Each structure stands twice: as structure tokens, then as C-alpha cells.
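File shown: final.cif. Contents: mmCIF, C-alpha atoms.
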data_entry
#
loop_
_atom_site.label_atom_id
_atom_site.label_comp_id
_atom_site.auth_asym_id
_atom_site.auth_seq_id
_atom_site.Cartn_x
_atom_site.Cartn_y
_atom_site.Cartn_z
CA MET W 1 28.91 -36.32 9.69
CA ALA W 2 32.08 -34.32 9.55
CA GLY W 3 33.89 -33.38 12.70
CA ALA W 4 33.80 -29.96 14.26
CA ASN W 5 36.18 -27.57 12.57
CA ASP W 6 36.73 -30.18 9.80
CA GLY W 7 40.46 -29.59 9.58
CA THR W 8 40.25 -25.79 9.38
CA ARG W 9 43.07 -24.12 11.31
CA ARG W 10 41.29 -21.32 13.12
CA LEU W 11 43.06 -19.57 15.94
CA ARG W 12 39.80 -18.88 17.76
CA PRO W 13 36.64 -20.98 17.98
CA ASN W 14 33.19 -20.20 16.60
CA LEU W 15 30.10 -20.72 18.74
CA LEU W 16 26.44 -20.99 17.84
CA ILE W 17 23.94 -19.93 20.49
CA THR W 18 20.57 -21.45 19.61
CA GLY W 19 17.25 -22.18 21.27
CA THR W 20 13.59 -21.35 21.11
CA PRO W 21 12.77 -17.62 20.89
CA GLY W 22 12.69 -16.16 24.40
CA THR W 23 15.36 -18.42 25.92
CA GLY W 24 17.94 -15.64 26.18
CA LYS W 25 20.01 -16.23 23.04
CA SER W 26 20.60 -12.58 22.20
CA THR W 27 21.32 -11.59 25.79
CA THR W 28 23.74 -14.49 26.26
CA ALA W 29 25.45 -14.08 22.87
CA ALA W 30 25.91 -10.31 23.27
CA ALA W 31 27.29 -10.67 26.81
CA LEU W 32 29.64 -13.45 25.71
CA ALA W 33 30.86 -11.39 22.76
CA GLU W 34 31.55 -8.48 25.09
CA ALA W 35 33.38 -10.71 27.58
CA THR W 36 35.56 -12.31 24.89
CA SER W 37 35.88 -9.55 22.26
CA PHE W 38 34.42 -12.00 19.72
CA ARG W 39 32.22 -10.83 16.86
CA TYR W 40 28.48 -11.09 17.62
CA ILE W 41 26.37 -12.10 14.62
CA CYS W 42 22.61 -11.98 15.09
CA ILE W 43 21.21 -13.81 12.08
CA GLY W 44 17.84 -12.05 12.31
CA ASP W 45 19.52 -8.64 12.09
CA LEU W 46 21.83 -9.80 9.28
CA VAL W 47 18.86 -11.06 7.27
CA LYS W 48 17.10 -7.70 7.58
CA GLU W 49 20.21 -5.57 6.93
CA LYS W 50 21.36 -7.49 3.86
CA ASN W 51 17.93 -8.58 2.56
CA LEU W 52 18.87 -12.26 2.86
CA HIS W 53 15.25 -13.37 2.76
CA ASP W 54 12.54 -14.48 0.37
CA GLY W 55 9.80 -12.22 1.69
CA TRP W 56 7.53 -12.03 4.72
CA ASP W 57 5.54 -14.79 6.41
CA ASP W 58 2.21 -13.24 7.46
CA LYS W 59 1.24 -16.29 9.52
CA PHE W 60 4.33 -16.11 11.78
CA LYS W 61 5.05 -12.40 11.28
CA CYS W 62 8.70 -12.85 10.32
CA HIS W 63 11.00 -12.88 7.30
CA ILE W 64 11.45 -16.12 5.38
CA ILE W 65 15.22 -16.38 5.48
CA ASN W 66 17.13 -17.60 2.48
CA GLU W 67 19.52 -20.05 4.14
CA ASP W 68 21.84 -20.24 1.12
CA LEU W 69 22.25 -16.45 1.03
CA VAL W 70 22.95 -16.38 4.77
CA CYS W 71 25.63 -19.06 4.47
CA ASP W 72 27.20 -17.36 1.45
CA GLU W 73 27.30 -14.06 3.34
CA LEU W 74 29.04 -15.63 6.36
CA GLU W 75 31.45 -18.09 4.74
CA ASP W 76 34.59 -15.94 4.83
CA VAL W 77 33.82 -14.46 8.24
CA MET W 78 33.35 -17.89 9.82
CA GLN W 79 36.65 -19.22 8.47
CA GLY W 80 38.53 -16.67 10.54
CA GLY W 81 37.03 -17.80 13.87
CA GLY W 82 36.14 -15.66 16.84
CA ASN W 83 32.41 -15.52 16.05
CA ILE W 84 29.32 -15.97 18.19
CA VAL W 85 26.28 -16.65 16.03
CA ASP W 86 22.77 -16.15 17.46
CA TYR W 87 19.86 -17.89 15.75
CA HIS W 88 16.87 -20.02 16.70
CA GLY W 89 17.73 -22.73 14.19
CA CYS W 90 20.91 -24.61 13.46
CA ASP W 91 20.48 -27.36 10.90
CA PHE W 92 21.35 -25.32 7.79
CA PHE W 93 24.74 -24.02 8.95
CA PRO W 94 27.79 -26.00 7.77
CA GLU W 95 29.11 -28.28 10.51
CA ARG W 96 32.66 -27.09 9.94
CA TRP W 97 31.77 -23.60 11.15
CA PHE W 98 31.23 -24.38 14.83
CA ASP W 99 33.35 -25.68 17.65
CA ARG W 100 30.55 -25.38 20.23
CA VAL W 101 26.77 -25.37 19.74
CA VAL W 102 24.96 -24.07 22.82
CA VAL W 103 21.25 -24.84 23.12
CA LEU W 104 19.57 -22.59 25.67
CA GLN W 105 16.55 -24.03 27.44
CA THR W 106 13.90 -22.33 29.56
CA GLU W 107 11.04 -23.69 31.66
CA ASN W 108 7.80 -23.35 29.72
CA SER W 109 6.00 -21.24 32.34
CA LEU W 110 8.81 -18.66 32.19
CA LEU W 111 8.99 -18.87 28.42
CA TYR W 112 5.25 -18.29 28.15
CA ASP W 113 5.58 -15.08 30.18
CA ARG W 114 8.53 -13.86 28.10
CA LEU W 115 6.85 -14.53 24.77
CA THR W 116 3.50 -13.01 25.72
CA LYS W 117 5.35 -9.85 26.87
CA ARG W 118 6.86 -9.76 23.35
CA GLY W 119 3.37 -9.88 21.88
CA TYR W 120 3.41 -13.50 20.76
CA SER W 121 -0.04 -15.05 20.58
CA GLY W 122 -1.98 -17.73 18.76
CA ILE W 123 -0.09 -20.17 16.60
CA LYS W 124 3.25 -18.36 16.98
CA LEU W 125 3.04 -18.65 20.77
CA SER W 126 1.83 -22.25 20.84
CA ASN W 127 4.40 -23.42 18.26
CA ASN W 128 7.28 -21.91 20.22
CA LEU W 129 6.06 -23.37 23.53
CA GLU W 130 5.68 -26.81 21.94
CA CYS W 131 9.12 -26.48 20.38
CA GLU W 132 10.62 -25.90 23.82
CA MET W 133 8.53 -28.54 25.56
CA TYR W 134 9.58 -31.23 23.08
CA GLN W 135 13.21 -30.01 22.94
CA VAL W 136 13.02 -29.65 19.17
CA LEU W 137 16.10 -27.43 18.92
CA LEU W 138 18.19 -29.67 21.14
CA GLU W 139 17.30 -32.64 18.93
CA GLU W 140 18.03 -30.58 15.80
CA ALA W 141 21.47 -29.70 17.19
CA LYS W 142 22.20 -33.32 18.12
CA GLU W 143 21.23 -34.46 14.62
CA SER W 144 23.28 -31.73 12.91
CA TYR W 145 26.52 -31.70 14.93
CA LEU W 146 28.80 -34.04 16.80
CA ALA W 147 27.43 -34.80 20.26
CA SER W 148 30.73 -33.68 21.78
CA ILE W 149 30.19 -30.05 20.72
CA VAL W 150 26.47 -29.73 21.61
CA LEU W 151 25.91 -28.20 25.05
CA PRO W 152 22.41 -27.69 26.49
CA LEU W 153 22.29 -24.97 29.16
CA GLN W 154 19.46 -23.80 31.39
CA SER W 155 18.50 -20.16 30.87
CA ASN W 156 15.74 -19.41 33.36
CA THR W 157 17.22 -16.49 35.28
CA ILE W 158 19.72 -13.65 35.00
CA GLU W 159 21.98 -15.73 37.26
CA ASP W 160 21.78 -18.62 34.75
CA ILE W 161 22.79 -16.29 31.95
CA SER W 162 25.71 -14.89 33.97
CA GLN W 163 26.87 -18.40 34.87
CA ASN W 164 26.54 -19.54 31.23
CA VAL W 165 28.57 -16.57 30.00
CA ALA W 166 31.27 -17.26 32.60
CA SER W 167 31.52 -20.97 31.78
CA LEU W 168 31.57 -20.32 28.01
CA THR W 169 34.23 -17.64 28.49
CA ASP W 170 36.32 -20.21 30.39
CA TRP W 171 35.78 -22.72 27.58
CA ILE W 172 36.90 -20.15 24.96
CA THR W 173 39.99 -19.30 27.00
CA ALA W 174 40.95 -22.98 27.25
CA TRP W 175 40.11 -23.81 23.60
CA ARG W 176 42.95 -25.02 21.40
CA PRO W 177 42.76 -25.58 17.63
#
This structure in C-alpha cells:
Amino acid sequence: MAGANDGTRRLRPNLLITGTPGTGKSTTAAALAEATSFRYICIGDLVKEKNLHDGWDDKFKCHIINEDLVCDELEDVMQGGGNIVDYHGCDFFPERWFDRVVVLQTENSLLYDRLTKRGYSGIKLSNNLECEMYQVLLEEAKESYLASIVLPLQSNTIEDISQNVASLTDWITAWRP
């Protein structure tokens, strides 16, 4: 496993905000981008805008992203640093891209309420709740990146999100290449 940043001389770090859908990734990433003037990259939006997918999954009601196309699209942008990437997966991104991988976690009872309000039901709802319960995304991050850059954070309340944004802003301010 290569180290974070893998020798690249960026002036600003890149962060990945990941976690099960409904854990507050987009809210956290957008607020952090605003607080730091970093570029906010929502992978779901990028996939739709640039057609970086291989069609539609009727079972899960989402696009089937083409991971290679996504990585090709972002390669130059990521080299420059100063990016906050928001996506519910992390294992296909190159390790060298990120200096911090934040895994947001939410209590299942709260997550259930959030996802049902979004219209999740059936297999899509149960899969996401199981994913959170078994900490699938935290394990994926730990297997894909150096332990020293993976940071699990609770994201149950607005106060949690505010505190997470403040602590990540402090980390960015203190970061040195």
C-alpha cells in the first residue's frame, strides 16, 4: 500500500468524505468546502453531468458508475490539491489522491429515519442500514488507505456536523505537504 500523497508535492490537501447514504456526507463536504474555499466534488453529480456511468440499476434506482471514467475525469484536478470529494464508496480511488479519508457514521435509528424520508424502502433501505450497522465503509477505508489518514466521525446531529467541519478546517489549516 502506497503512502498518502505518494510523493506528490501538493500545496493543499485532498479529502474524501465517505459513509453510508444519509450520514451527512454532502452537508459536511459542502460546509467544509465553503469554510476552506476548497473545491467540492460530489461524485454522484459528476457522474450524471458527464455521463460517467454504464447505465441505470433498476434494483437500486441509481446509475452504475464507471469507476475508470470517474478516475480519468478527476486525475488532473486531484493532483492540484484543495479538493473535497463526496462519495459513498472509496476503494476505487487512487490512494495517492487523499491526505485524509473521513468516514461519517450515524446511529441506525437516525439513519433509518433519514433514509425513509428520502423514499428508500425494501432492499435499498435494508442494504444501507446493514452497511452502516456492520461498518462496511469504515472497513473499506481501512483496507484501502493508510490507517493514519482514515478518520471515523460521528454524524448524528447538526452539532456533530458543525464540530466535524470545525475540526477538519483546523486540520486543513495545520496541514503541511
re atom CA of W:Pro21 and atom CA of W:His88: distance 6.3 Å
Run the PyMOL selection byres ((chain W and resi 164) around 10) against the file shown and list the residues it catches, as a PyMOL selection string.
-> chain W and resi 28+31-32+102+104+153-155+158-163+165-170
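Within 10 Å of the file-frame point (15.4, -26.9, 19.9), and using all atoms listed in the file, the polymer residues found are W:Thr18, W:Gly19, W:Thr20, W:Pro21, W:His88, W:Gly89, W:Cys90, W:Val103, W:Leu104, W:Gln105, W:Asn128, W:Glu130, W:Cys131, W:Glu132, W:Met133, W:Tyr134, W:Gln135, W:Val136, W:Leu137, W:Leu138, W:Glu139, W:Glu140, W:Ala141, W:Lys142, W:Pro152.
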Considering all atoms listed in the file, state which residue in the set W:Lys61, W:Arg176, W:Arg12, W:Lys50 is at the smallest distance from W:Tyr120.
-> W:Lys61
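Counting from atom CA of W:Val70, the distance to atom CA of W:Leu52 is 6.1 Å.
Here the question is which of W:Gly44, W:Pro13, W:Gly82, W:Gly119 gets nearest to W:Ser26 using only C-alpha atoms, and that residue is W:Gly44.
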Quick one: which residues end up in the PyMOL selection byres ((chain W and resi 177) around 7) for this structure, as a PyMOL selection string?
-> chain W and resi 9-11+175-176
Applied to the shown file, which residues does the PyMOL selection byres ((chain W and resi 73) around 12) return, written as a PyMOL selection string?
-> chain W and resi 41+43+46-47+49-52+66-72+74-79+93
Which of these, W:Asp45, W:Arg114, W:Ser144, W:His63, has the shortest distance to W:Phe92 once you count all atoms listed in the file?
-> W:Ser144
Atom CA of W:Leu115 and atom CA of W:Leu129, how far apart in Å?
-> 9.0 Å
If you count only C-alpha atoms, the residue of W:Gly22, W:Ala29, W:His53, W:Ile149 closest to W:Arg100 turns out to be W:Ile149
Go ahead and find all residues with at least one atom no further than 6 Å from (29.8, -15.3, 21.2) in the file's coordinates, using only C-alpha atoms; report them as a ChimeraX atom specification.
-> /W:15,29,32-33,38,40,83-84
Tell me which of W:Pro94, W:Ile64, W:Lys25, W:Leu16 sits closest to W:Asn156, counting all atoms listed in the file.
-> W:Lys25
Closest to W:Arg96 among W:Leu146, W:Cys42, W:Leu111, W:Ile65, using all atoms listed in the file?
-> W:Leu146
